[in-house]
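File shown: protein29.cif (mmCIF, C-alpha atoms).
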```
data_protein
#
loop_
_atom_site.label_atom_id
_atom_site.label_comp_id
_atom_site.auth_asym_id
_atom_site.auth_seq_id
_atom_site.Cartn_x
_atom_site.Cartn_y
_atom_site.Cartn_z
CA MET X 1 221.35 6.08 140.58
CA LYS X 2 221.70 9.83 139.94
CA PHE X 3 224.03 9.12 137.03
CA TYR X 4 221.51 6.68 135.57
CA ARG X 5 218.66 9.23 135.93
CA ASN X 6 220.68 12.00 134.25
CA SER X 7 221.69 9.67 131.42
CA LEU X 8 218.05 8.77 130.85
CA ARG X 9 217.06 12.47 130.80
CA LEU X 10 219.81 13.19 128.31
CA LEU X 11 218.76 10.27 126.11
CA ILE X 12 215.10 11.39 126.11
CA SER X 13 216.05 14.99 125.29
CA ALA X 14 218.39 13.94 122.49
CA SER X 15 215.75 11.59 121.01
CA SER X 16 213.11 14.36 121.08
CA VAL X 17 215.37 16.81 119.27
CA LEU X 18 216.37 14.19 116.69
CA ALA X 19 212.74 13.18 116.10
CA LEU X 20 211.73 16.84 115.68
CA PHE X 21 214.38 17.50 113.03
CA GLY X 22 213.81 14.12 111.38
CA GLY X 23 210.06 14.82 111.04
CA TRP X 24 210.76 18.33 109.79
CA ALA X 25 213.06 16.98 107.08
CA MET X 26 210.54 14.30 106.09
CA PHE X 27 207.68 16.80 105.63
CA ALA X 28 209.94 19.21 103.79
CA HIS X 29 210.56 16.54 101.14
CA THR X 30 206.92 15.49 100.74
CA PRO X 31 205.39 16.74 97.43
CA LYS X 32 202.84 19.48 98.00
CA PRO X 33 199.32 18.13 97.33
CA ALA X 34 197.59 19.80 94.40
CA PRO X 35 194.13 21.25 95.09
CA ILE X 36 191.22 19.15 93.79
CA GLN X 37 190.16 21.99 91.49
CA ALA X 38 193.52 21.66 89.73
CA ALA X 39 192.63 18.20 88.44
CA ALA X 40 192.83 18.09 84.65
CA PRO X 41 189.46 17.86 82.87
CA ILE X 42 188.89 14.26 81.87
CA ASN X 43 188.29 15.09 78.22
CA THR X 44 191.72 16.70 77.97
CA PRO X 45 194.21 13.85 77.94
CA ALA X 46 196.87 14.28 80.60
CA PRO X 47 200.42 14.40 79.25
CA LEU X 48 201.61 10.95 78.34
CA ASP X 49 204.97 10.27 79.86
CA PHE X 50 205.04 6.50 79.55
CA LYS X 51 207.95 4.64 78.02
CA SER X 52 208.02 4.78 74.25
CA LEU X 53 208.22 1.27 72.87
CA GLN X 54 208.80 0.28 69.26
CA PRO X 55 206.13 -1.85 67.59
CA SER X 56 207.34 -5.35 66.75
CA GLY X 57 207.94 -6.14 63.11
CA ASN X 58 205.29 -8.84 62.88
CA LEU X 59 202.29 -6.56 63.35
CA GLN X 60 200.74 -5.32 60.13
CA PRO X 61 200.81 -1.53 59.61
CA LEU X 62 197.37 -0.85 58.11
CA PRO X 63 196.89 1.12 54.88
CA VAL X 64 195.77 4.74 55.04
CA PHE X 65 193.71 6.49 52.37
CA PRO X 66 193.28 10.25 51.93
CA GLN X 67 190.12 11.64 53.53
CA THR X 68 187.47 12.51 50.99
CA SER X 69 184.22 14.37 51.43
CA SER X 70 182.33 11.24 50.39
CA VAL X 71 183.19 9.47 53.67
CA VAL X 72 180.04 9.33 55.77
CA VAL X 73 180.89 8.81 59.42
CA PRO X 74 178.74 6.02 60.86
CA ARG X 75 176.82 6.68 64.06
CA LEU X 76 178.16 3.59 65.81
CA ARG X 77 181.60 4.45 67.17
CA THR X 78 184.34 2.41 68.81
CA ARG X 79 184.83 5.00 71.63
CA GLY X 80 186.73 2.92 74.19
CA SER X 81 186.00 2.16 77.82
CA MET U 1 167.53 2.04 60.80
CA GLU U 2 166.08 3.36 64.08
CA TYR U 3 168.38 4.64 66.81
CA PHE U 4 167.87 5.13 70.55
CA GLU U 5 170.45 6.59 72.90
CA PHE U 6 170.60 6.89 76.67
CA ARG U 7 173.04 6.76 79.54
CA ALA U 8 173.49 3.67 81.74
CA MET U 9 176.37 1.91 83.50
CA ASN U 10 178.19 5.27 83.55
CA THR U 11 178.50 5.23 79.78
CA ASP U 12 176.65 6.19 76.60
CA VAL U 13 174.48 3.42 75.22
CA VAL U 14 173.41 3.35 71.55
CA LEU U 15 170.78 0.95 70.24
CA ALA U 16 170.22 0.54 66.50
CA ALA U 17 167.71 -1.76 64.84
CA ASP U 18 165.76 -2.42 61.65
CA GLY U 19 162.08 -3.29 62.01
CA ASP U 20 158.62 -1.93 62.71
CA SER U 21 158.91 1.54 64.29
CA HIS U 22 156.22 1.02 66.90
CA ASP U 23 157.58 -2.37 67.98
CA LEU U 24 161.09 -0.95 68.14
CA ALA U 25 160.01 2.02 70.27
CA CYS U 26 158.67 -0.41 72.91
CA ALA U 27 161.68 -2.71 72.55
CA PHE U 28 164.09 0.19 73.04
CA GLU U 29 162.33 1.17 76.28
CA ASP U 30 162.53 -2.46 77.46
CA ALA U 31 166.22 -2.53 76.54
CA ARG U 32 166.86 0.58 78.63
CA ASP U 33 165.05 -1.03 81.59
CA LEU U 34 167.17 -4.14 81.13
CA PHE U 35 170.38 -2.07 81.17
CA ASN U 36 169.24 -0.28 84.34
CA SER U 37 168.35 -3.57 85.98
CA TYR U 38 171.77 -5.09 85.19
CA GLU U 39 173.48 -1.93 86.43
CA ALA U 40 171.58 -2.14 89.72
CA ARG U 41 172.95 -5.67 90.19
CA LEU U 42 176.47 -5.43 88.78
CA SER U 43 177.70 -1.97 89.79
CA ARG U 44 180.30 -1.54 92.52
CA PHE U 45 179.01 2.02 93.04
CA ILE U 46 175.47 1.00 94.05
CA GLN U 47 175.54 -0.09 97.68
CA THR U 48 172.51 -2.40 97.33
CA SER U 49 173.89 -4.26 94.28
CA GLU U 50 174.53 -7.98 94.23
CA LEU U 51 178.19 -7.26 93.45
CA VAL U 52 178.59 -5.15 96.59
CA ARG U 53 176.99 -7.95 98.65
CA LEU U 54 179.36 -10.48 97.06
CA ASN U 55 182.30 -8.23 97.93
CA GLN U 56 181.05 -8.07 101.52
CA SER U 57 180.80 -11.85 101.84
CA ASN U 58 184.14 -11.85 103.66
CA GLY U 59 185.35 -15.32 102.75
CA ALA U 60 181.97 -17.08 103.08
CA TRP U 61 180.17 -18.89 100.28
CA PHE U 62 177.86 -16.45 98.45
CA SER U 63 174.71 -17.72 96.80
CA ALA U 64 174.75 -15.88 93.46
CA SER U 65 172.10 -15.26 90.83
CA ASP U 66 172.55 -17.20 87.59
CA ASP U 67 173.73 -14.05 85.81
CA MET U 68 176.30 -13.18 88.49
CA TYR U 69 177.59 -16.75 88.62
CA GLU U 70 177.92 -16.94 84.84
CA LEU U 71 179.65 -13.56 84.60
CA VAL U 72 182.19 -14.18 87.38
CA LYS U 73 182.92 -17.67 86.04
CA GLN U 74 183.43 -16.32 82.54
CA ALA U 75 185.69 -13.58 83.92
CA SER U 76 187.68 -16.26 85.73
CA ASP U 77 188.12 -18.33 82.58
CA LEU U 78 189.08 -15.27 80.53
CA SER U 79 191.60 -14.17 83.13
CA GLU U 80 193.45 -17.41 82.54
CA ALA U 81 193.07 -17.12 78.75
CA SER U 82 194.60 -13.62 78.83
CA ASP U 83 197.60 -14.87 80.81
CA GLY U 84 196.42 -12.84 83.81
CA LEU U 85 196.45 -9.47 82.02
CA PHE U 86 192.72 -9.26 82.62
CA ASP U 87 191.91 -9.63 86.30
CA VAL U 88 188.77 -8.46 88.12
CA THR U 89 190.50 -8.69 91.50
CA VAL U 90 192.34 -5.42 90.84
CA LEU U 91 189.59 -3.45 92.63
CA ASP U 92 191.88 -2.54 95.54
CA ALA U 93 194.47 -1.22 93.11
CA LEU U 94 191.82 0.75 91.19
CA GLU U 95 190.61 2.43 94.36
CA ASN U 96 194.17 3.01 95.45
CA ILE U 97 194.86 5.18 92.41
CA GLY U 98 191.70 7.20 93.05
CA TYR U 99 188.98 5.36 91.09
CA ASP U 100 186.83 4.81 94.18
CA LYS U 101 183.73 6.53 92.80
CA SER U 102 182.03 6.62 89.43
CA MET U 103 183.77 8.41 86.57
CA ASP U 104 180.81 10.82 86.33
CA GLU U 105 181.45 11.79 89.96
CA ILE U 106 185.22 12.10 89.42
CA ARG U 107 184.56 14.40 86.45
CA VAL U 108 182.53 16.70 88.70
CA ASN U 109 184.43 16.52 92.00
CA GLY U 110 187.90 15.30 91.06
CA VAL U 111 189.86 12.68 92.99
CA THR U 112 190.03 13.01 96.74
CA ARG U 113 191.89 9.82 97.59
CA ALA U 114 195.67 9.82 97.86
CA MET U 115 197.54 6.63 96.98
CA ARG U 116 198.75 4.74 100.02
CA SER U 117 201.52 2.79 98.35
CA PRO U 118 202.05 1.16 94.97
CA ARG U 119 200.54 -2.25 95.34
CA ARG U 120 198.61 -4.78 93.37
CA SER U 121 195.70 -6.91 94.39
CA ILE U 122 197.22 -9.73 96.38
CA PHE U 123 194.53 -12.15 95.25
CA ASP U 124 193.98 -13.70 91.88
CA PHE U 125 191.41 -15.82 90.18
CA GLY U 126 193.02 -19.01 91.30
CA SER U 127 191.74 -18.18 94.74
CA ILE U 128 188.07 -17.74 93.75
CA GLU U 129 186.06 -20.89 94.26
CA PHE U 130 182.93 -21.89 92.38
CA ASN U 131 180.23 -24.37 93.34
CA ALA U 132 178.33 -25.00 90.10
CA PRO U 133 175.36 -27.05 91.47
CA LYS U 134 174.64 -24.42 94.14
CA ARG U 135 175.57 -21.45 91.94
CA ALA U 136 177.79 -20.24 94.78
CA ILE U 137 180.98 -18.17 94.71
CA ARG U 138 183.59 -17.80 97.43
CA LEU U 139 186.10 -14.96 97.44
CA VAL U 140 189.12 -15.13 99.67
CA ARG U 141 188.56 -13.08 102.84
CA GLY U 142 189.35 -9.43 102.09
CA SER U 143 189.27 -9.92 98.31
CA ARG U 144 186.88 -7.79 96.26
CA ILE U 145 186.15 -7.76 92.55
CA ASP U 146 185.11 -5.20 89.94
CA LEU U 147 183.13 -6.30 86.89
CA GLY U 148 183.44 -2.96 85.07
CA GLY U 149 185.95 -4.49 82.67
CA ILE U 150 183.64 -7.17 81.36
CA ALA U 151 180.04 -6.37 82.29
CA LYS U 152 179.30 -3.77 79.61
CA GLY U 153 180.06 -6.14 76.73
CA TRP U 154 178.29 -9.01 78.46
CA VAL U 155 175.14 -6.89 79.03
CA ALA U 156 175.29 -5.48 75.47
CA GLU U 157 175.21 -9.01 74.07
CA ARG U 158 172.25 -10.00 76.24
CA VAL U 159 170.28 -6.90 75.33
CA ALA U 160 171.04 -7.50 71.63
CA GLN U 161 169.71 -11.04 71.92
CA ARG U 162 166.47 -9.61 73.38
CA LEU U 163 166.20 -6.93 70.65
CA ASP U 164 166.91 -9.54 68.02
CA GLU U 165 163.59 -11.23 68.83
CA ILE U 166 161.58 -8.37 67.31
CA SER U 167 164.01 -6.82 64.82
CA ASP U 168 165.52 -7.87 61.50
CA ALA U 169 168.96 -6.61 62.53
CA CYS U 170 170.21 -4.84 65.63
CA ALA U 171 173.30 -3.40 67.30
CA VAL U 172 173.84 -2.57 70.95
CA SER U 173 176.80 -0.41 71.95
CA ALA U 174 177.68 0.26 75.58
CA GLY U 175 180.44 2.86 75.49
CA GLY U 176 181.83 1.27 72.33
CA ASP U 177 181.57 -2.33 73.53
CA MET U 178 179.09 -3.63 71.03
CA TYR U 179 177.26 -6.65 69.77
CA LEU U 180 175.91 -6.81 66.23
CA SER U 181 173.19 -9.20 65.15
CA GLY U 182 171.99 -9.70 61.56
CA LEU U 183 172.77 -7.19 58.82
CA PRO U 184 171.29 -3.74 58.15
CA GLN U 185 168.86 -3.68 55.23
CA GLY U 186 170.73 -3.66 51.90
CA GLU U 187 174.14 -3.88 53.53
CA THR U 188 176.75 -6.61 53.68
CA ALA U 189 178.23 -5.37 56.97
CA TRP U 190 177.77 -2.92 59.84
CA LYS U 191 179.77 0.28 59.43
CA ILE U 192 181.49 1.52 62.56
CA SER U 193 183.60 4.64 63.04
CA LEU U 194 187.07 3.93 64.39
CA GLU U 195 187.46 6.79 66.84
CA ASP U 196 190.78 8.62 67.22
CA PRO U 197 191.78 8.07 70.87
CA ARG U 198 193.65 11.41 70.81
CA ASP U 199 190.55 13.34 69.79
CA PRO U 200 187.10 11.76 70.18
CA GLU U 201 185.67 14.15 67.56
CA ARG U 202 187.83 12.59 64.86
CA THR U 203 187.44 9.31 63.00
CA LEU U 204 190.53 7.42 61.89
CA GLY U 205 188.77 4.83 59.78
CA ILE U 206 185.60 2.94 58.99
CA LEU U 207 185.23 -0.66 60.11
CA ARG U 208 183.00 -3.12 58.29
CA ILE U 209 181.87 -5.90 60.61
CA PRO U 210 179.47 -8.58 59.36
CA SER U 211 178.12 -9.56 62.80
CA GLY U 212 179.46 -10.49 66.22
CA ALA U 213 181.25 -8.34 68.74
CA VAL U 214 183.54 -5.31 68.67
CA ALA U 215 185.08 -3.84 71.82
CA THR U 216 187.56 -1.05 72.33
CA SER U 217 189.74 -0.30 75.30
CA SER U 218 191.47 3.06 75.55
CA ILE U 219 193.69 4.83 78.05
CA THR U 220 192.64 8.34 76.98
CA ARG U 221 188.99 8.43 78.00
CA ARG U 222 188.96 7.58 81.70
CA ARG U 223 191.83 9.68 82.95
CA TRP U 224 192.29 11.82 86.01
CA GLN U 225 194.87 13.50 88.19
CA GLN U 226 195.73 12.00 91.57
CA TRP U 227 197.59 14.91 93.12
CA THR U 228 200.59 15.28 90.80
CA ASN U 229 200.20 11.93 89.02
CA ALA U 230 198.30 11.27 85.79
CA ARG U 231 196.18 8.12 86.08
CA HIS U 232 193.99 6.07 83.79
CA HIS U 233 191.62 3.23 84.59
CA LEU U 234 193.45 0.37 82.89
CA ILE U 235 195.28 -1.44 85.69
CA ASP U 236 198.20 -3.70 84.90
CA PRO U 237 197.68 -6.59 87.35
CA ARG U 238 201.45 -7.16 87.42
CA THR U 239 202.12 -3.76 88.98
CA GLY U 240 198.80 -2.61 90.46
CA LEU U 241 199.22 0.73 88.65
CA SER U 242 197.88 2.31 85.44
CA ALA U 243 199.35 0.26 82.59
CA GLU U 244 202.36 1.62 80.74
CA THR U 245 201.75 0.85 77.10
CA ASP U 246 202.86 2.28 73.75
CA TRP U 247 199.33 2.07 72.33
CA LEU U 248 196.44 4.42 73.08
CA SER U 249 193.62 2.07 72.17
CA VAL U 250 192.92 -1.44 70.95
CA THR U 251 189.75 -2.58 69.17
CA ALA U 252 189.12 -6.33 69.32
CA ILE U 253 186.78 -8.16 66.95
CA THR U 254 185.40 -11.63 67.70
CA SER U 255 182.13 -13.49 68.20
CA SER U 256 181.50 -12.78 71.91
CA ALA U 257 181.23 -9.30 73.40
CA ALA U 258 182.71 -10.30 76.77
CA VAL U 259 185.69 -11.98 75.07
CA ALA U 260 186.21 -8.94 72.83
CA GLU U 261 186.17 -6.61 75.82
CA VAL U 262 188.59 -8.70 77.87
CA PHE U 263 191.06 -9.11 75.00
CA ALA U 264 190.88 -5.43 74.01
CA LYS U 265 192.08 -4.66 77.55
CA ALA U 266 194.68 -7.43 77.68
CA LEU U 267 196.12 -6.49 74.27
CA LEU U 268 196.29 -2.82 75.21
CA ILE U 269 198.17 -3.67 78.41
CA ALA U 270 200.45 -6.02 76.46
CA GLY U 271 201.32 -3.31 73.91
CA SER U 272 203.16 -3.91 70.65
CA LYS U 273 205.84 -6.11 72.21
CA ASP U 274 203.51 -8.78 73.57
CA ALA U 275 200.18 -8.38 71.77
CA GLU U 276 200.68 -11.14 69.23
CA ARG U 277 201.46 -13.68 71.94
CA ILE U 278 198.32 -12.70 73.86
CA ALA U 279 196.13 -12.72 70.71
CA ARG U 280 197.29 -16.27 69.91
CA ARG U 281 195.80 -17.42 73.23
CA ALA U 282 192.26 -16.85 71.92
CA ALA U 283 190.85 -18.40 68.78
CA GLY U 284 189.33 -16.05 66.24
CA ILE U 285 190.47 -12.72 67.68
CA GLU U 286 191.44 -9.91 65.31
CA PHE U 287 192.51 -6.52 66.56
CA ILE U 288 193.43 -3.00 65.48
CA ALA U 289 195.71 -0.89 67.67
CA ILE U 290 196.30 2.85 67.49
CA ASP U 291 199.56 4.37 68.69
CA ARG U 292 200.39 7.88 69.92
CA GLN U 293 200.94 9.20 66.39
CA GLY U 294 197.54 7.91 65.27
CA LYS U 295 199.10 5.07 63.28
CA LEU U 296 197.11 1.88 62.93
CA PHE U 297 198.49 -1.61 63.50
CA GLY U 298 196.56 -4.79 63.10
CA SER U 299 196.59 -8.52 63.47
CA ARG U 300 197.04 -10.67 60.38
CA ASN U 301 193.46 -10.46 59.06
CA ALA U 302 192.47 -7.09 60.53
CA LYS U 303 192.72 -5.40 57.12
CA GLU U 304 189.61 -7.29 56.03
CA PHE U 305 187.57 -5.31 58.56
CA LEU U 306 188.99 -1.90 57.69
CA ASP U 307 186.92 -0.33 54.93
CA ALA U 308 188.85 2.95 54.83
CA ALA U 309 191.45 4.55 57.01
CA ILE U 310 191.33 8.31 56.94
CA GLU U 311 194.42 10.48 56.89
CA TYR U 312 193.93 14.01 58.16
CA ALA U 313 195.92 16.81 56.55
#
```
What would the structure in this file look like if it were written as structure tokens?
Amino acid sequence: MKFYRNSLRLLISASSVLALFGGWAMFAHTPKPAPIQAAAPINTPAPLDFKSLQPSGNLQPLPVFPQTSSVVVPRLRTRGS
Amino acid sequence: MEYFEFRAMNTDVVLAADGDSHDLACAFEDARDLFNSYEARLSRFIQTSELVRLNQSNGAWFSASDDMYELVKQASDLSEASDGLFDVTVLDALENIGYDKSMDEIRVNGVTRAMRSPRRSIFDFGSIEFNAPKRAIRLVRGSRIDLGGIAKGWVAERVAQRLDEISDACAVSAGGDMYLSGLPQGETAWKISLEDPRDPERTLGILRIPSGAVATSSITRRRWQQWTNARHHLIDPRTGLSAETDWLSVTAITSSAAVAEVFAKALLIAGSKDAERIARRAAGIEFIAIDRQGKLFGSRNAKEFLDAAIEYA
């Protein structure tokens, strides 16, 4: 009985120590949260780090003309939601 | 041409019309009221809205207004047409990446919600049931929807139809999702600036659209930081995360504003590799895409709508 009790105590102690160090290691590897104030302004596009894909050959590249002063920019704009 | 601008549905609304100035002044005020009334019913950010009540129905049949029924049904049909790339059931995923309050509020206060885990909405449109005679909708228990991806175009078209009753020609633009009716006096088409998604102050080209709908979806306007991660509002339903695409914006041109808006989103998510396949799923869709270098790509007949593309030195 005494042996069983001591074994149980040893098991509980060992588990506690392991859990402590395990938790410590887990938090140490968690990225530090950035403060809310550090959020990038919405109008400044965040860096784009998405995969760069090549356009397929079937899409039509559209012609481009030099900008001239005669181009009047219409008030209706595509914007984009 | 008379113009009237205001803010509604968390976006800039522009009304343009030809006609009697006094009549138009009243009609513009009515149009603003109509926008506000639709916003009060369709917004997920207004706790008393019909949409919020639908989302709280918790698996029970919900008796919807005619407008709500029509909009959700159309969204359902378009989800299938877009091969699932448009999906209003991504609300959980949207909130998960921090878009749990209006963009105006995020601009002021930033994002406070941390992502729990990368996940997508586990429900899809196949699980939404409709009862046409009773105008009732049933969402699967726990499923919630967001109509932000379709409602602006749908409302713009309805408001344009109302304005059309007293004007010779009119255009309604809700954040760039627009519906054009008739032709401006002395013109053969409406002229629309094709905005550079990298810099909203710049114009990449001029579109000439005879009438119908034009909608643009972009990943550069509604962006934010969620801790260390850059996010944008365009969710890829296949991953539940901001879509990874090689294009920055897509402008779709067709006859219906809701269809244009849905396909602008679906084509942007699809990117250059898959856009043609998606575009073939809808009749009469033309589109213009802009990539990271500001280069323009278009569907077969898109050139017809491009009056001039501008190259900056």
**Request:** Extract, using all atoms listed in the file, all DNA, RNA and protein residues at most 7 Å from Arg79 (chain X), discarding same-chain residues fewer than 3 positions from it, and format them as an MDAnalysis selection string.
**Result:** chainID U and resid 175:176 195 216
**Spatial neighbours of Asp33 (chain U), max dist 12 Å, only C-alpha atoms, sep filter under 2 positions, as a PyMOL selection string** = chain U and resi 6-9+26-31+35-40+155+159+162
**Chain and number of each residue from the PyMOL selection byres ((chain U) within 8 of (chain X)), as a count of residues only** = 55
**Asked** Separation of CA of Asp18 (chain U) and CA of Trp190 (chain U), in Å?
**Response** 12.2 Å
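You will find CA of Arg144 (chain U) at 6.3 Å from CA of Leu91 (chain U).
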Which residues are close to Ala279 (chain U), i.e. within 12 Å by only C-alpha atoms, leaving aside same-chain residues fewer than 2 positions away? Reply as a tab-separated table (two decimals) with C-alpha atoms, keeping the file's coordinate frame.
```tsv
chain	number	residue	atom	x	y	z
X	59	LEU	CA	202.29	-6.56	63.35
U	81	ALA	CA	193.07	-17.12	78.75
U	82	SER	CA	194.60	-13.62	78.83
U	83	ASP	CA	197.60	-14.87	80.81
U	85	LEU	CA	196.45	-9.47	82.02
U	250	VAL	CA	192.92	-1.44	70.95
U	252	ALA	CA	189.12	-6.33	69.32
U	253	ILE	CA	186.78	-8.16	66.95
U	254	THR	CA	185.40	-11.63	67.70
U	259	VAL	CA	185.69	-11.98	75.07
U	260	ALA	CA	186.21	-8.94	72.83
U	262	VAL	CA	188.59	-8.70	77.87
U	263	PHE	CA	191.06	-9.11	75.00
U	264	ALA	CA	190.88	-5.43	74.01
U	265	LYS	CA	192.08	-4.66	77.55
U	266	ALA	CA	194.68	-7.43	77.68
U	267	LEU	CA	196.12	-6.49	74.27
U	268	LEU	CA	196.29	-2.82	75.21
U	270	ALA	CA	200.45	-6.02	76.46
U	271	GLY	CA	201.32	-3.31	73.91
U	272	SER	CA	203.16	-3.91	70.65
U	273	LYS	CA	205.84	-6.11	72.21
U	274	ASP	CA	203.51	-8.78	73.57
U	275	ALA	CA	200.18	-8.38	71.77
U	276	GLU	CA	200.68	-11.14	69.23
U	277	ARG	CA	201.46	-13.68	71.94
U	281	ARG	CA	195.80	-17.42	73.23
U	282	ALA	CA	192.26	-16.85	71.92
U	283	ALA	CA	190.85	-18.40	68.78
U	284	GLY	CA	189.33	-16.05	66.24
U	285	ILE	CA	190.47	-12.72	67.68
U	286	GLU	CA	191.44	-9.91	65.31
U	287	PHE	CA	192.51	-6.52	66.56
U	288	ILE	CA	193.43	-3.00	65.48
U	298	GLY	CA	196.56	-4.79	63.10
U	299	SER	CA	196.59	-8.52	63.47
U	300	ARG	CA	197.04	-10.67	60.38
```
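Between CA of Asp66 (chain U) and CA of Arg135 (chain U) the separation is 6.8 Å.
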**Message:** Give me, as a ChimeraX atom specification, all polymer residues having an atom no more than 8 Å from Asp168 (chain U), counting all atoms listed in the file and skipping those fewer than 4 positions away in the same chain.
**Reply:** /U:17-19,164,182-184
**Message:** Measuring between only C-alpha atoms, which one of U:Ser76, U:Phe130, U:Ile145, U:Arg231 shows the shortest distance to Ala114 (chain U)?
**Reply:** U:Arg231
